[in-house]
Each structure stands twice: as structure tokens, then as C-alpha cells.
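Novice: Structure file structure_14.txt (compact mmCIF, C-alpha atoms and all ligand atoms) is given on the next line.
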```txt
# COMPACT_ATOMS: atom_id res chain seq x y z
CA MET K 1 6.00 -6.44 -50.54
CA HIS K 2 2.90 -4.58 -49.33
CA ARG K 3 0.93 -5.26 -52.46
CA SER K 4 0.23 -8.99 -52.20
CA GLN K 5 -2.54 -10.22 -49.92
CA GLN K 6 -3.38 -13.79 -48.95
CA VAL K 7 -5.27 -15.10 -45.92
CA GLU K 8 -4.54 -18.33 -44.03
CA HIS K 9 -7.60 -20.62 -43.93
CA LEU K 10 -7.59 -24.25 -42.74
CA GLY K 11 -3.87 -24.60 -43.40
CA THR K 12 -3.91 -23.13 -46.91
CA SER K 13 -3.40 -19.70 -48.30
CA ILE K 14 -6.49 -18.29 -50.00
CA SER K 15 -7.34 -15.03 -51.71
CA PRO K 16 -9.19 -12.28 -49.82
CA ALA K 17 -12.21 -12.70 -52.11
CA THR K 18 -12.50 -16.37 -51.10
CA TRP K 19 -11.93 -15.56 -47.44
CA LEU K 20 -14.74 -13.00 -47.49
CA VAL K 21 -17.17 -15.63 -48.77
CA ALA K 22 -15.94 -18.67 -46.81
CA ALA K 23 -14.82 -17.47 -43.38
CA GLY K 24 -16.90 -17.29 -40.22
CA ARG K 25 -19.57 -19.81 -41.25
CA PRO K 26 -21.10 -22.63 -39.21
CA THR K 27 -19.42 -25.97 -39.96
CA ASP K 28 -21.43 -28.71 -38.22
CA PRO K 29 -23.90 -30.92 -40.13
CA GLY K 30 -27.44 -29.58 -39.89
CA GLU K 31 -26.41 -26.03 -39.10
CA PRO K 32 -27.50 -23.27 -41.48
CA LEU K 33 -24.94 -22.19 -44.10
CA ASN K 34 -25.18 -18.65 -42.80
CA VAL K 35 -24.68 -17.48 -39.25
CA PRO K 36 -28.21 -17.07 -37.88
CA LEU K 37 -29.68 -13.78 -36.73
CA VAL K 38 -29.98 -14.10 -32.95
CA PRO K 39 -31.74 -11.13 -31.37
CA ALA K 40 -30.76 -11.58 -27.73
CA SER K 41 -29.77 -9.30 -24.88
CA ASN K 42 -29.04 -12.19 -22.52
CA PHE K 43 -28.32 -15.91 -22.58
CA ILE K 44 -29.01 -18.82 -20.21
CA LEU K 45 -26.07 -18.81 -17.83
CA GLY K 46 -23.46 -21.57 -17.82
CA SER K 47 -21.55 -20.83 -21.06
CA ALA K 48 -19.18 -18.07 -22.20
CA ARG K 49 -22.12 -15.88 -23.22
CA ALA K 50 -24.15 -14.03 -20.61
CA TYR K 51 -25.11 -10.51 -21.70
CA SER K 52 -24.76 -9.12 -25.20
CA ARG K 53 -23.26 -5.75 -24.34
CA ASP K 54 -20.20 -7.75 -23.27
CA ASP K 55 -20.44 -11.06 -25.14
CA ALA K 56 -20.72 -11.51 -28.89
CA THR K 57 -23.89 -12.61 -30.60
CA PRO K 58 -23.12 -15.06 -33.46
CA ALA K 59 -23.16 -12.56 -36.38
CA TRP K 60 -20.97 -10.10 -34.53
CA GLU K 61 -18.48 -12.84 -33.71
CA ALA K 62 -18.36 -13.99 -37.35
CA PHE K 63 -18.00 -10.37 -38.55
CA GLU K 64 -14.96 -9.99 -36.29
CA THR K 65 -13.46 -13.25 -37.58
CA VAL K 66 -13.81 -12.21 -41.21
CA VAL K 67 -12.53 -8.62 -40.77
CA GLY K 68 -9.70 -9.63 -38.42
CA GLY K 69 -8.44 -12.25 -40.90
CA LEU K 70 -8.51 -9.76 -43.74
CA GLU K 71 -6.68 -6.98 -41.88
CA GLY K 72 -4.26 -9.40 -40.17
CA GLY K 73 -5.15 -8.58 -36.55
CA THR K 74 -7.85 -8.99 -33.89
CA ALA K 75 -11.09 -7.21 -34.80
CA VAL K 76 -13.41 -5.62 -32.26
CA ALA K 77 -16.80 -4.58 -33.66
CA PHE K 78 -18.62 -1.41 -32.63
CA ALA K 79 -21.95 0.31 -33.14
CA SER K 80 -20.46 2.83 -35.60
CA GLY K 81 -17.16 4.02 -36.98
CA MET K 82 -17.23 6.83 -34.43
CA ALA K 83 -17.74 4.34 -31.58
CA ALA K 84 -14.60 2.52 -32.80
CA ALA K 85 -12.70 5.84 -33.06
CA ALA K 86 -13.90 6.87 -29.60
CA ALA K 87 -12.65 3.59 -28.09
CA LEU K 88 -9.20 4.22 -29.58
CA ILE K 89 -9.01 7.95 -28.82
CA GLY K 90 -10.95 8.09 -25.54
CA ALA K 91 -8.34 6.02 -23.71
CA LEU K 92 -5.83 8.88 -23.91
CA GLY K 93 -4.97 10.44 -20.57
CA VAL K 94 -4.86 14.07 -19.50
CA GLY K 95 -2.27 16.10 -21.43
CA ALA K 96 -1.90 13.61 -24.31
CA SER K 97 -0.39 14.81 -27.59
CA ILE K 98 -2.05 13.85 -30.86
CA VAL K 99 -1.19 14.22 -34.54
CA LEU K 100 -4.06 14.37 -37.03
CA PRO K 101 -4.15 14.95 -40.80
CA THR K 102 -5.18 18.44 -41.96
CA ASP K 103 -7.75 16.68 -44.15
CA CYS K 104 -9.38 14.31 -41.67
CA TYR K 105 -12.86 12.90 -41.05
CA ALA K 106 -14.72 15.67 -39.20
CA GLY K 107 -16.09 13.43 -36.42
CA VAL K 108 -12.56 12.40 -35.41
CA VAL K 109 -11.48 16.04 -35.42
CA GLY K 110 -14.48 16.94 -33.22
CA LEU K 111 -13.66 14.20 -30.75
CA VAL K 112 -10.03 15.31 -30.46
CA GLU K 113 -11.09 18.97 -30.14
CA GLN K 114 -13.24 18.04 -27.13
CA GLY K 115 -10.21 16.45 -25.49
CA VAL K 116 -8.14 19.55 -26.26
CA ALA K 117 -10.80 21.73 -24.59
CA ARG K 118 -11.55 19.47 -21.62
CA ARG K 119 -8.54 17.25 -20.96
CA GLY K 120 -5.57 19.40 -21.87
CA TRP K 121 -4.71 17.41 -24.99
CA THR K 122 -2.55 19.06 -27.63
CA CYS K 123 -3.25 18.42 -31.28
CA ARG K 124 -1.03 19.10 -34.28
CA ARG K 125 -2.54 18.89 -37.75
CA LEU K 126 -0.18 17.86 -40.56
CA PRO K 127 -0.77 17.35 -44.29
CA VAL K 128 -0.45 13.60 -44.90
CA ILE K 129 1.85 14.26 -47.85
CA ASP K 130 4.53 15.71 -45.54
CA THR K 131 6.15 12.36 -44.66
CA GLN K 132 9.11 13.84 -42.82
CA ALA K 133 6.87 15.92 -40.53
CA TRP K 134 4.89 12.78 -39.57
CA ILE K 135 8.09 10.86 -38.86
CA THR K 136 9.41 13.71 -36.71
CA HIS K 137 6.20 14.25 -34.72
CA ALA K 138 5.64 10.52 -34.18
CA LEU K 139 8.66 10.53 -31.86
CA ASN K 140 6.75 12.58 -29.26
CA ALA K 141 3.06 11.92 -29.93
CA ASP K 142 0.84 9.66 -27.81
CA LEU K 143 -1.51 9.11 -30.74
CA VAL K 144 -0.65 9.29 -34.43
CA TRP K 145 -3.91 9.16 -36.40
CA LEU K 146 -3.65 8.72 -40.15
CA GLU K 147 -6.17 8.65 -42.93
CA SER K 148 -5.08 7.67 -46.44
CA PRO K 149 -6.63 8.30 -48.90
CA THR K 150 -7.94 11.31 -46.97
CA ASN K 151 -11.60 12.24 -46.93
CA PRO K 152 -12.57 14.14 -49.08
CA LEU K 153 -9.37 15.39 -50.78
CA LEU K 154 -7.92 11.91 -51.45
CA ASP K 155 -4.36 12.79 -50.52
CA ILE K 156 -2.03 9.82 -50.03
CA ALA K 157 0.31 9.28 -47.08
CA ASP K 158 3.50 7.28 -47.43
CA LEU K 159 2.04 4.65 -45.10
CA PRO K 160 4.92 2.14 -45.36
CA ARG K 161 7.46 4.77 -44.25
CA ILE K 162 5.36 6.48 -41.58
CA CYS K 163 4.08 3.21 -40.06
CA ALA K 164 7.60 1.76 -39.88
CA ALA K 165 9.24 4.88 -38.38
CA PRO K 166 10.22 4.87 -34.67
CA ARG K 167 7.62 6.36 -32.34
CA LYS K 168 7.17 7.24 -28.68
CA PRO K 169 7.08 4.09 -26.50
CA GLY K 170 3.53 3.25 -25.43
CA SER K 171 1.99 5.42 -28.18
CA LEU K 172 -0.55 4.30 -30.78
CA LEU K 173 -0.43 4.70 -34.54
CA VAL K 174 -3.90 4.22 -36.01
CA VAL K 175 -4.94 4.22 -39.67
CA ASP K 176 -8.53 4.96 -40.68
CA ASN K 177 -8.79 2.50 -43.57
CA THR K 178 -12.44 3.23 -44.41
CA ILE K 179 -11.96 4.63 -47.90
CA ALA K 180 -9.25 2.19 -49.03
CA THR K 181 -10.90 -0.93 -47.51
CA PRO K 182 -8.75 -3.86 -46.31
CA LEU K 183 -8.78 -5.17 -49.88
CA ASN K 184 -6.64 -2.26 -51.09
CA GLN K 185 -4.07 -1.74 -48.35
CA SER K 186 -2.87 -3.45 -45.15
CA PRO K 187 -1.57 -0.91 -42.58
CA LEU K 188 -1.03 -3.51 -39.81
CA ALA K 189 1.48 -5.33 -42.03
CA MET K 190 3.31 -2.01 -42.47
CA GLY K 191 3.64 -1.52 -38.69
CA ALA K 192 0.46 0.34 -37.60
CA ASP K 193 -0.84 -0.58 -34.12
CA ALA K 194 -4.48 -0.45 -35.12
CA VAL K 195 -6.76 0.09 -38.08
CA MET K 196 -10.32 1.35 -37.94
CA HIS K 197 -13.27 1.38 -40.32
CA SER K 198 -16.66 2.86 -40.59
CA ALA K 199 -18.36 -0.47 -41.49
CA THR K 200 -21.27 1.75 -42.53
CA LYS K 201 -19.36 2.24 -45.81
CA TYR K 202 -17.84 -0.50 -48.01
CA MET K 203 -18.25 -3.34 -45.49
CA GLY K 204 -22.02 -2.90 -45.15
CA GLY K 205 -22.17 -1.59 -48.70
CA HIS K 206 -25.95 -1.00 -48.98
CA SER K 207 -26.64 2.23 -47.03
CA ASP K 208 -28.78 0.30 -44.55
CA LEU K 209 -26.69 0.04 -41.38
CA LEU K 210 -24.32 1.83 -39.04
CA GLY K 211 -21.33 -0.15 -37.85
CA GLY K 212 -17.67 0.19 -37.01
CA VAL K 213 -14.65 -1.93 -36.28
CA ALA K 214 -11.17 -1.49 -34.81
CA ILE K 215 -8.50 -4.07 -35.60
CA ALA K 216 -5.60 -4.38 -33.16
CA ARG K 217 -2.15 -5.79 -33.85
CA THR K 218 -1.69 -7.02 -30.28
CA ALA K 219 -3.91 -9.07 -27.96
CA SER K 220 -3.52 -6.48 -25.20
CA LEU K 221 -4.85 -3.63 -27.35
CA ALA K 222 -7.76 -5.86 -28.47
CA HIS K 223 -8.50 -6.53 -24.79
CA GLU K 224 -8.53 -2.79 -24.03
CA LEU K 225 -10.87 -2.14 -26.95
CA ARG K 226 -13.31 -4.82 -25.79
CA ARG K 227 -13.22 -3.32 -22.31
CA ALA K 228 -13.95 0.16 -23.75
CA ARG K 229 -16.88 -1.32 -25.67
CA GLU K 230 -18.30 -2.86 -22.51
CA LEU K 231 -17.83 0.27 -20.42
CA TYR K 232 -18.98 2.91 -22.92
CA GLY K 233 -21.65 0.68 -24.47
CA GLY K 234 -20.69 1.17 -28.14
CA THR K 235 -21.79 -2.42 -28.75
CA PRO K 236 -22.93 -3.27 -32.29
CA GLY K 237 -26.56 -4.21 -32.88
CA THR K 238 -27.27 -7.82 -33.80
CA LEU K 239 -29.23 -7.00 -36.94
CA GLU K 240 -26.57 -4.51 -38.05
CA MET K 241 -23.83 -7.12 -37.67
CA PHE K 242 -25.93 -9.70 -39.54
CA LEU K 243 -26.28 -7.20 -42.40
CA ALA K 244 -22.62 -6.13 -42.22
CA LEU K 245 -21.54 -9.78 -42.44
CA ARG K 246 -23.76 -10.23 -45.49
CA GLY K 247 -22.16 -7.10 -46.93
CA LEU K 248 -18.67 -8.56 -46.44
CA ARG K 249 -19.58 -11.63 -48.51
CA THR K 250 -19.79 -9.47 -51.66
CA MET K 251 -17.32 -6.73 -50.73
CA SER K 252 -14.61 -7.91 -53.08
CA LEU K 253 -16.99 -7.84 -56.08
CA ARG K 254 -18.48 -4.49 -55.11
CA VAL K 255 -15.13 -2.80 -54.49
CA ALA K 256 -13.72 -4.16 -57.78
CA ALA K 257 -16.73 -2.87 -59.74
CA SER K 258 -16.77 0.51 -57.97
CA GLN K 259 -13.09 1.21 -58.45
CA ALA K 260 -13.04 0.12 -62.10
CA SER K 261 -15.93 2.51 -62.80
CA ALA K 262 -14.37 5.25 -60.63
CA LEU K 263 -11.26 5.25 -62.82
CA THR K 264 -13.37 5.58 -65.98
CA ILE K 265 -15.46 8.38 -64.43
CA ALA K 266 -12.35 10.19 -63.14
CA LYS K 267 -10.72 10.07 -66.61
CA ARG K 268 -13.85 11.37 -68.34
CA LEU K 269 -14.38 14.11 -65.73
CA SER K 270 -10.78 15.25 -66.31
CA GLU K 271 -11.70 16.01 -69.91
CA HIS K 272 -15.07 17.67 -69.24
CA ARG K 273 -15.19 21.40 -69.97
CA GLN K 274 -17.28 22.20 -66.85
CA VAL K 275 -14.80 20.46 -64.54
CA HIS K 276 -11.97 22.44 -63.04
CA SER K 277 -9.96 19.60 -61.44
CA VAL K 278 -10.26 15.92 -60.51
CA ARG K 279 -8.66 14.03 -57.65
CA TYR K 280 -8.45 10.25 -57.84
CA PRO K 281 -5.35 8.31 -56.72
CA GLY K 282 -5.76 5.89 -59.63
CA LEU K 283 -5.21 8.67 -62.17
CA THR K 284 -1.60 8.99 -63.31
CA SER K 285 -2.08 12.78 -62.92
CA HIS K 286 -2.66 12.39 -59.14
CA PRO K 287 0.49 13.79 -57.45
CA ALA K 288 0.95 10.62 -55.37
CA HIS K 289 -0.14 8.02 -57.93
CA THR K 290 3.33 6.49 -58.23
CA LEU K 291 3.74 6.29 -54.45
CA ALA K 292 0.24 4.83 -53.99
CA SER K 293 0.94 2.17 -56.62
CA THR K 294 3.80 0.81 -54.49
CA PHE K 295 1.52 -0.22 -51.60
CA MET K 296 -2.11 0.04 -52.70
CA ARG K 297 -3.79 -2.80 -54.57
CA GLY K 298 -6.61 -0.57 -55.83
CA TYR K 299 -7.80 3.00 -55.37
CA SER K 300 -11.38 2.67 -54.13
CA GLY K 301 -14.57 4.12 -55.60
CA VAL K 302 -14.38 7.69 -54.30
CA VAL K 303 -13.66 10.49 -56.79
CA THR K 304 -13.47 14.16 -55.80
CA PHE K 305 -13.81 16.92 -58.37
CA GLU K 306 -14.32 20.64 -58.56
CA VAL K 307 -16.75 22.16 -61.03
CA LYS K 308 -16.35 25.56 -62.64
CA GLY K 309 -18.88 28.05 -61.28
CA ASP K 310 -18.39 27.16 -57.61
CA ALA K 311 -21.31 26.43 -55.27
CA PRO K 312 -24.21 27.46 -57.54
CA ARG K 313 -23.14 25.12 -60.34
CA ALA K 314 -22.17 22.32 -57.94
CA ASP K 315 -25.59 22.56 -56.24
CA ALA K 316 -27.28 22.57 -59.64
CA VAL K 317 -25.40 19.37 -60.58
CA CYS K 318 -26.61 17.71 -57.37
CA ARG K 319 -30.23 18.72 -58.11
CA THR K 320 -30.14 17.57 -61.73
CA LEU K 321 -28.92 14.01 -61.23
CA ARG K 322 -31.41 11.21 -61.98
CA ILE K 323 -29.56 7.97 -61.17
CA VAL K 324 -26.68 9.11 -58.95
CA ARG K 325 -28.28 10.07 -55.63
CA HIS K 326 -27.68 13.39 -53.92
CA ALA K 327 -26.68 11.95 -50.55
CA THR K 328 -23.84 11.89 -48.07
CA SER K 329 -21.68 8.89 -47.10
CA LEU K 330 -19.87 6.55 -49.47
CA GLY K 331 -19.06 2.94 -50.23
CA ALA K 332 -22.52 1.67 -51.18
CA VAL K 333 -23.90 -0.08 -54.28
CA GLU K 334 -25.68 3.20 -55.10
CA SER K 335 -23.58 6.01 -56.57
CA THR K 336 -23.88 9.13 -54.42
CA LEU K 337 -22.61 12.67 -54.76
CA GLU K 338 -22.39 15.57 -52.35
CA ARG K 339 -21.03 19.13 -52.22
CA ARG K 340 -18.79 18.80 -49.19
CA ALA K 341 -18.47 22.51 -48.32
CA ALA K 342 -22.25 22.53 -47.73
CA VAL K 343 -21.72 20.17 -44.76
CA PRO K 344 -21.48 22.00 -41.41
CA GLY K 345 -17.84 22.11 -40.31
CA GLN K 346 -16.55 21.60 -43.88
CA GLU K 347 -16.89 25.22 -45.06
CA HIS K 348 -13.09 25.45 -45.48
CA LEU K 349 -13.26 23.19 -48.55
CA PRO K 350 -13.50 24.68 -52.07
CA ALA K 351 -17.13 25.73 -52.67
CA GLY K 352 -17.48 23.79 -55.92
CA LEU K 353 -15.94 20.54 -54.64
CA LEU K 354 -18.08 17.45 -55.15
CA ARG K 355 -17.30 14.09 -53.56
CA MET K 356 -18.67 11.21 -55.52
CA SER K 357 -18.89 7.61 -54.37
CA VAL K 358 -19.08 5.49 -57.50
CA GLY K 359 -21.36 2.50 -56.96
CA CYS K 360 -22.19 -0.67 -58.86
CA GLU K 361 -24.54 0.62 -61.56
CA ASP K 362 -23.41 0.23 -65.18
CA VAL K 363 -20.60 2.75 -65.69
CA GLU K 364 -22.14 4.09 -68.91
CA ASP K 365 -25.39 4.89 -67.08
CA ILE K 366 -23.47 6.62 -64.29
CA TRP K 367 -21.50 8.67 -66.80
CA ARG K 368 -24.55 9.64 -68.92
CA ASP K 369 -26.30 10.84 -65.75
CA LEU K 370 -23.29 12.85 -64.58
CA GLU K 371 -22.74 14.29 -68.05
CA GLN K 372 -26.35 15.42 -68.46
CA ALA K 373 -26.20 17.06 -65.01
CA LEU K 374 -22.91 18.84 -65.80
CA ASN K 375 -24.16 19.96 -69.23
CA SER K 376 -27.64 21.06 -68.20
CA SER K 377 -26.89 22.76 -64.89
CA HIS K 378 -26.55 26.20 -66.52
CA LEU K 379 -26.78 29.04 -64.09
C1 LIG L 401 -13.25 8.13 -43.20
C2 LIG L 401 -14.33 7.99 -42.16
N1 LIG L 401 -13.98 7.60 -40.91
C3 LIG L 401 -14.92 7.45 -39.95
C4 LIG L 401 -16.26 7.72 -40.19
C5 LIG L 401 -17.27 7.56 -39.07
O1 LIG L 401 -18.05 6.42 -39.27
P1 LIG L 401 -19.58 6.26 -38.79
O2 LIG L 401 -20.39 7.26 -39.56
O3 LIG L 401 -19.91 4.84 -39.12
O4 LIG L 401 -19.63 6.54 -37.33
C6 LIG L 401 -16.66 8.10 -41.47
C7 LIG L 401 -18.08 8.40 -41.75
O5 LIG L 401 -18.41 9.10 -42.70
C8 LIG L 401 -15.66 8.25 -42.48
O6 LIG L 401 -15.98 8.64 -43.73
```
Before anything else, please render the file you have as C-alpha cells.
Ligand SMILES: Cc1ncc(COP(=O)(O)O)c(C=O)c1O

Specialist:
Amino acid sequence: MHRSQQVEHLGTSISPATWLVAAGRPTDPGEPLNVPLVPASNFILGSARAYSRDDATPAWEAFETVVGGLEGGTAVAFASGMAAAAALIGALGVGASIVLPTDCYAGVVGLVEQGVARRGWTCRRLPVIDTQAWITHALNADLVWLESPTNPLLDIADLPRICAAPRKPGSLLVVDNTIATPLNQSPLAMGADAVMHSATKYMGGHSDLLGGVAIARTASLAHELRRARELYGGTPGTLEMFLALRGLRTMSLRVAASQASALTIAKRLSEHRQVHSVRYPGLTSHPAHTLASTFMRGYSGVVTFEVKGDAPRADAVCRTLRIVRHATSLGAVESTLERRAAVPGQEHLPAGLLRMSVGCEDVEDIWRDLEQALNSSHL
């Protein structure tokens, strides 16, 4: 049930790939095909637009239309993924209780830790694979924050069961859908209250912008998110939204290419003598592959693997690459790779763990580059 995805457009049902290309465009004769870039802080008074911290510029409005249609809710765009997360988390009152994954994006953890220190919040960290624990704790939590696949360990939560389980009245269940993308799973349809994305990743897709978006299931939550954007000023930039909208037009092609190559790379890494272990939900050896296949339509382009020889070898691999770039972040046309334990705050991860974001280069070129780096990075 969760695996099919169609979007309603002008009275017909179309595929997400078509929606991404066709939605949110001008329609009147003489208008440009693409939403124009309108750099404006303020508008001549007398219409719905007055000041662009509060009121959408055209590209931002179109971006929200396209993302909202794809996720099946009302999208509210932000200046970054963290600005979207802060709008969802920052609304919690004094003494709120929160559940976070043990493997969770570090910025979200940092934000919640501030609330624990300054606002008397309590936070429980649970492994996403422990479905029963999530169901139990959701009964008393004010905020249930899920990530699946998790970053960087790529664990899978049983989203259909956790999102449909009863929870505390007035609470929020949010899914960070950044790694999966809306093309691969639809948490709102499973019962989540909101979904968020770092649009910096697959939506933008070219490592040239920061953006974020929260998608609400109800109009009242969307209203609250817009109000938080106005008050805290996490408004997206016009140029960034223009670029993010352009990124969305090709997202379906990029994600399809990245995840097809990621599966090939993950399989070959699994057989490489310098590789200790590989995590990719598309591999049948992933402990939650069967579960993921019941509700995911694809497994994204992120592959995490551990090399033998720990940090020294992993660092040597990063230095020896020629096509894959040694860089943080994920979801772009360029393949990137990073030793995650080298990132401040991530020292708890295995020293030799590399997170790779497989991009849109030819898969044989990506593999040859990775193979030469693994083979030549002798200590
Ligand atoms: C899973 C995930 N969520 C949220 C964020 C935060 O997004 P941004 O960097 O756009 O603020 C990131 C960024 O790396 C991420 O990977």
C-alpha cells in the first residue's frame, strides 16, 4: 500500500517524475516557462505580497507547491534544513519530552540538547530498529523525531508501524526524509504529522545552495510553521529557491541514477578485501532489507562502509580519490566520501567508517576510482 506513488494534477493522476517537471509553472500566454527569479525584499502594497520575510517570492512559492504535492501535505520552505528542524522543535514548551534516534543528524541532536540544558526538556534516544520501544515511548512523548534511513549508519525504522501507532494527544511525530527523498517513501501517508528535508541535499542536488522544507499534514501545523518562519527569520533566499526548484525538475532522474549506481558500488564493496563491512538498505544482506522493501520504493544513493585498518587507511582512501570528492554532505550529482568519525561530535562512530554519497557519474568510473584508492592506500 505504501509503495505506490501518484500525484493529482489537473484532475488526473500523474507519476512523481512528471509532477516534478510539470508542477508549479506559470500558465498564462506570454509568461516564461520557468518561474522567474525575483530578487525582492518588498513589493508595492495592495496585493497579498508585502515583505518577503513573510510573503513568498515566486520561486519559493513554486518550490512549496512541488514539494507539498510530492509529500502529500502543505510545504513550508526554510533557509536550511536546520531552520526547518528548528521551526518544528523550537515550538516545544518548557519540560517537553522528546524521543530521538540513537543515530540521528548531529544538528538535530545539538538543538534538542540545548533545550534539555535550558528549558528542562527530557530526551530519550532509541535505536530506530527497536519498533516496540518507539511505540511505547510515543504514548508519552511531546515530540517523536524519526530518521530512516539513519545518517550515517543507514538503519531502517518500521515507519508504517511507528507512524500509525497511538501517541500522546497534541504531540508531533516528525520524519526527517532527507536521505530517502519523497520519491522513495511517504511518511505522511503512513500517519506522520510532518516531514522535513535538508533541501541542500537531493532536492538542490548540485552542492550550490542551502535550503530546507517542512511538510505538514494539517493546515494548522502549516500555519504554525509559517509563523515560526516569520518570527525567527529562517526565510529561504530567492536565489536559493530558484536553484532548488531547478534541482527538483531533475530529481527523479538524479535519484534513479544515484541509487542504481549505489547498489552496484555496495555489492562490489562487499566483495573487496580491504572492506570490513558495508551498509546499504538495498543489499539483501542489510538486516532490514525485507522490511524496507515493504514501504520504500528505492534505497537512495548513500552507502556506508568500514575499511580494514581503521582511521589511517580510511583517511588514505579519502586522500587518494581522483573523481569522487573528499567532501561532506550528500545527495549531489558529484560523488562524495567522508570519514564520519573525523567530524566533530561524531567521534563515537567506528574510526574506519566512510559515508559515500554516490552521484551521477558513470558507475564504472566511480568504481575504478574507489578501487584504485582502496588498493593503493597502503599504510
Ligand atoms: C539527515 C539530515 N537532516 C538535516 C540536515 C540539516 O540540513 P542543512 O544542512 O540544510 O541545515 C542534514 C544536513 O547534513 C542531514 O543530513

Novice: At a cut-off of 7 Å around ligand LIG 401 (chain L), and using only C-alpha atoms and all ligand atoms, what residues come up? Please write them as an mmCIF file with C-alpha atoms, in the coordinates of the input.

Specialist:
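Below you can see out-v7.cif, which holds the result:
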```
data_model
loop_
_atom_site.group_PDB
_atom_site.id
_atom_site.type_symbol
_atom_site.label_atom_id
_atom_site.label_comp_id
_atom_site.auth_asym_id
_atom_site.auth_seq_id
_atom_site.Cartn_x
_atom_site.Cartn_y
_atom_site.Cartn_z
ATOM 1 C CA SER K 80 -20.460 2.830 -35.600
ATOM 2 C CA GLY K 81 -17.160 4.020 -36.980
ATOM 3 C CA MET K 82 -17.230 6.830 -34.430
ATOM 4 C CA ALA K 83 -17.740 4.340 -31.580
ATOM 5 C CA TYR K 105 -12.860 12.900 -41.050
ATOM 6 C CA GLY K 107 -16.090 13.430 -36.420
ATOM 7 C CA ASN K 151 -11.600 12.240 -46.930
ATOM 8 C CA ASP K 176 -8.530 4.960 -40.680
ATOM 9 C CA THR K 178 -12.440 3.230 -44.410
ATOM 10 C CA ILE K 179 -11.960 4.630 -47.900
ATOM 11 C CA HIS K 197 -13.270 1.380 -40.320
ATOM 12 C CA SER K 198 -16.660 2.860 -40.590
ATOM 13 C CA ALA K 199 -18.360 -0.470 -41.490
ATOM 14 C CA THR K 200 -21.270 1.750 -42.530
ATOM 15 C CA LEU K 210 -24.320 1.830 -39.040
ATOM 16 C CA GLY K 211 -21.330 -0.150 -37.850
ATOM 17 C CA GLY K 212 -17.670 0.190 -37.010
ATOM 18 C CA SER K 329 -21.680 8.890 -47.100
#
```

Novice: Select, from K:Ile129, K:Leu245, K:Val174, K:Ala342, the residue with the minimum atom-to-atom distance to Asp142 of chain K, counting all atoms listed in the file.

Specialist: K:Val174

Novice: Nearest residue to Val175 of chain K out of K:Ser220, K:Val116, K:Thr250, K:Ala84, using all atoms listed in the file?

Specialist: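 Counting all atoms listed in the file, the residue closest to Val175 of chain K is K:Ala84.
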
Novice: For segment 275-305 of chain K versus segment 348-367 of chain K, which residues have an atom no more than 10 Å away, and what is each residue's nearest atom pair and distance in Å rounded to one decimal, using all atoms listed in the file, chain-then-number order, as a tab-separated table?

Specialist:
```
residue	atom	partner	partner_atom	distance
K:Val275	CA	K:Gly352	CA	9.6
K:His276	CA	K:Gly352	CA	9.1
K:Ser277	CA	K:Leu353	CA	9.1
K:Val278	CA	K:Leu353	CA	9.4
K:Arg279	CA	K:Arg355	CA	9.6
K:Ser300	CA	K:Val358	CA	8.9
K:Gly301	CA	K:Val358	CA	5.1
K:Val302	CA	K:Ser357	CA	4.5
K:Val303	CA	K:Met356	CA	5.2
K:Thr304	CA	K:Arg355	CA	4.4
K:Phe305	CA	K:Leu354	CA	5.4
```

Novice: Return the single residue from K:Ser47, K:Asn184, K:Thr65, K:Thr290 that is closest to Ala22 of chain K, with distances computed using all atoms listed in the file.

Specialist: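 Comparing K:Ser47, K:Asn184, K:Thr65, K:Thr290 against Ala22 of chain K, the winner is K:Thr65.
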
Novice: Would you pick out the contacts of Leu146 of chain K at 9 Å or less, using only C-alpha atoms, so that residues sharing its chain but fewer than 2 positions from it are not included, and give the list as a PyMOL selection string?

Specialist: chain K and resi 99-101+104+128+144+148+150+157+159+173-177

Novice: Pick out the residues sitting within 9 Å of Ala228 of chain K, and hand them over as a list in words; count all atoms listed in the file, and ignore anything fewer than 4 positions along from it in its own chain.

Specialist: Ala86, Ala87, Leu88, Gly90, Ala91, His223, Glu224, Tyr232, Gly233 and Gly234 of chain K

Novice: Quote the spacing between atom CA of Thr57 of chain K and atom CA of Ala40 of chain K in Å to one decimal place.

Specialist: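 A separation of 7.5 Å between them.
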
Novice: Name all residues at most 7 Å from Leu20 of chain K (count all atoms listed in the file; drop same-chain ones fewer than 3 positions away) and give them as a PyMOL selection string.

Specialist: chain K and resi 16-17+23+66+248-249

Novice: Go ahead and write the selection's residues with C-alpha atoms as a short mmCIF file (atom, residue, chain, number, x, y, z; two decimals), in the frame of the given file.

Specialist:
```cif
data_model
loop_
_atom_site.label_atom_id
_atom_site.label_comp_id
_atom_site.auth_asym_id
_atom_site.auth_seq_id
_atom_site.Cartn_x
_atom_site.Cartn_y
_atom_site.Cartn_z
CA PRO K 16 -9.19 -12.28 -49.82
CA ALA K 17 -12.21 -12.70 -52.11
CA ALA K 23 -14.82 -17.47 -43.38
CA VAL K 66 -13.81 -12.21 -41.21
CA LEU K 248 -18.67 -8.56 -46.44
CA ARG K 249 -19.58 -11.63 -48.51
#
```

Novice: Quick one: pull the distance between atom CA of Pro127 of chain K and atom CA of Glu147 of chain K, Å, one decimal.

Specialist: 10.3 Å

Novice: Work out how far atom CA of Thr218 of chain K is from atom CA of Trp121 of chain K, in Å to one decimal.

Specialist: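 Straight-line distance from atom CA of Trp121 of chain K to atom CA of Thr218 of chain K works out to 25.2 Å.
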
Novice: Using all atoms listed in the file, which of the listed residues (K:Arg319, K:His206, K:Arg49, K:Arg124) sits closest to Arg246 of chain K?

Specialist: K:His206
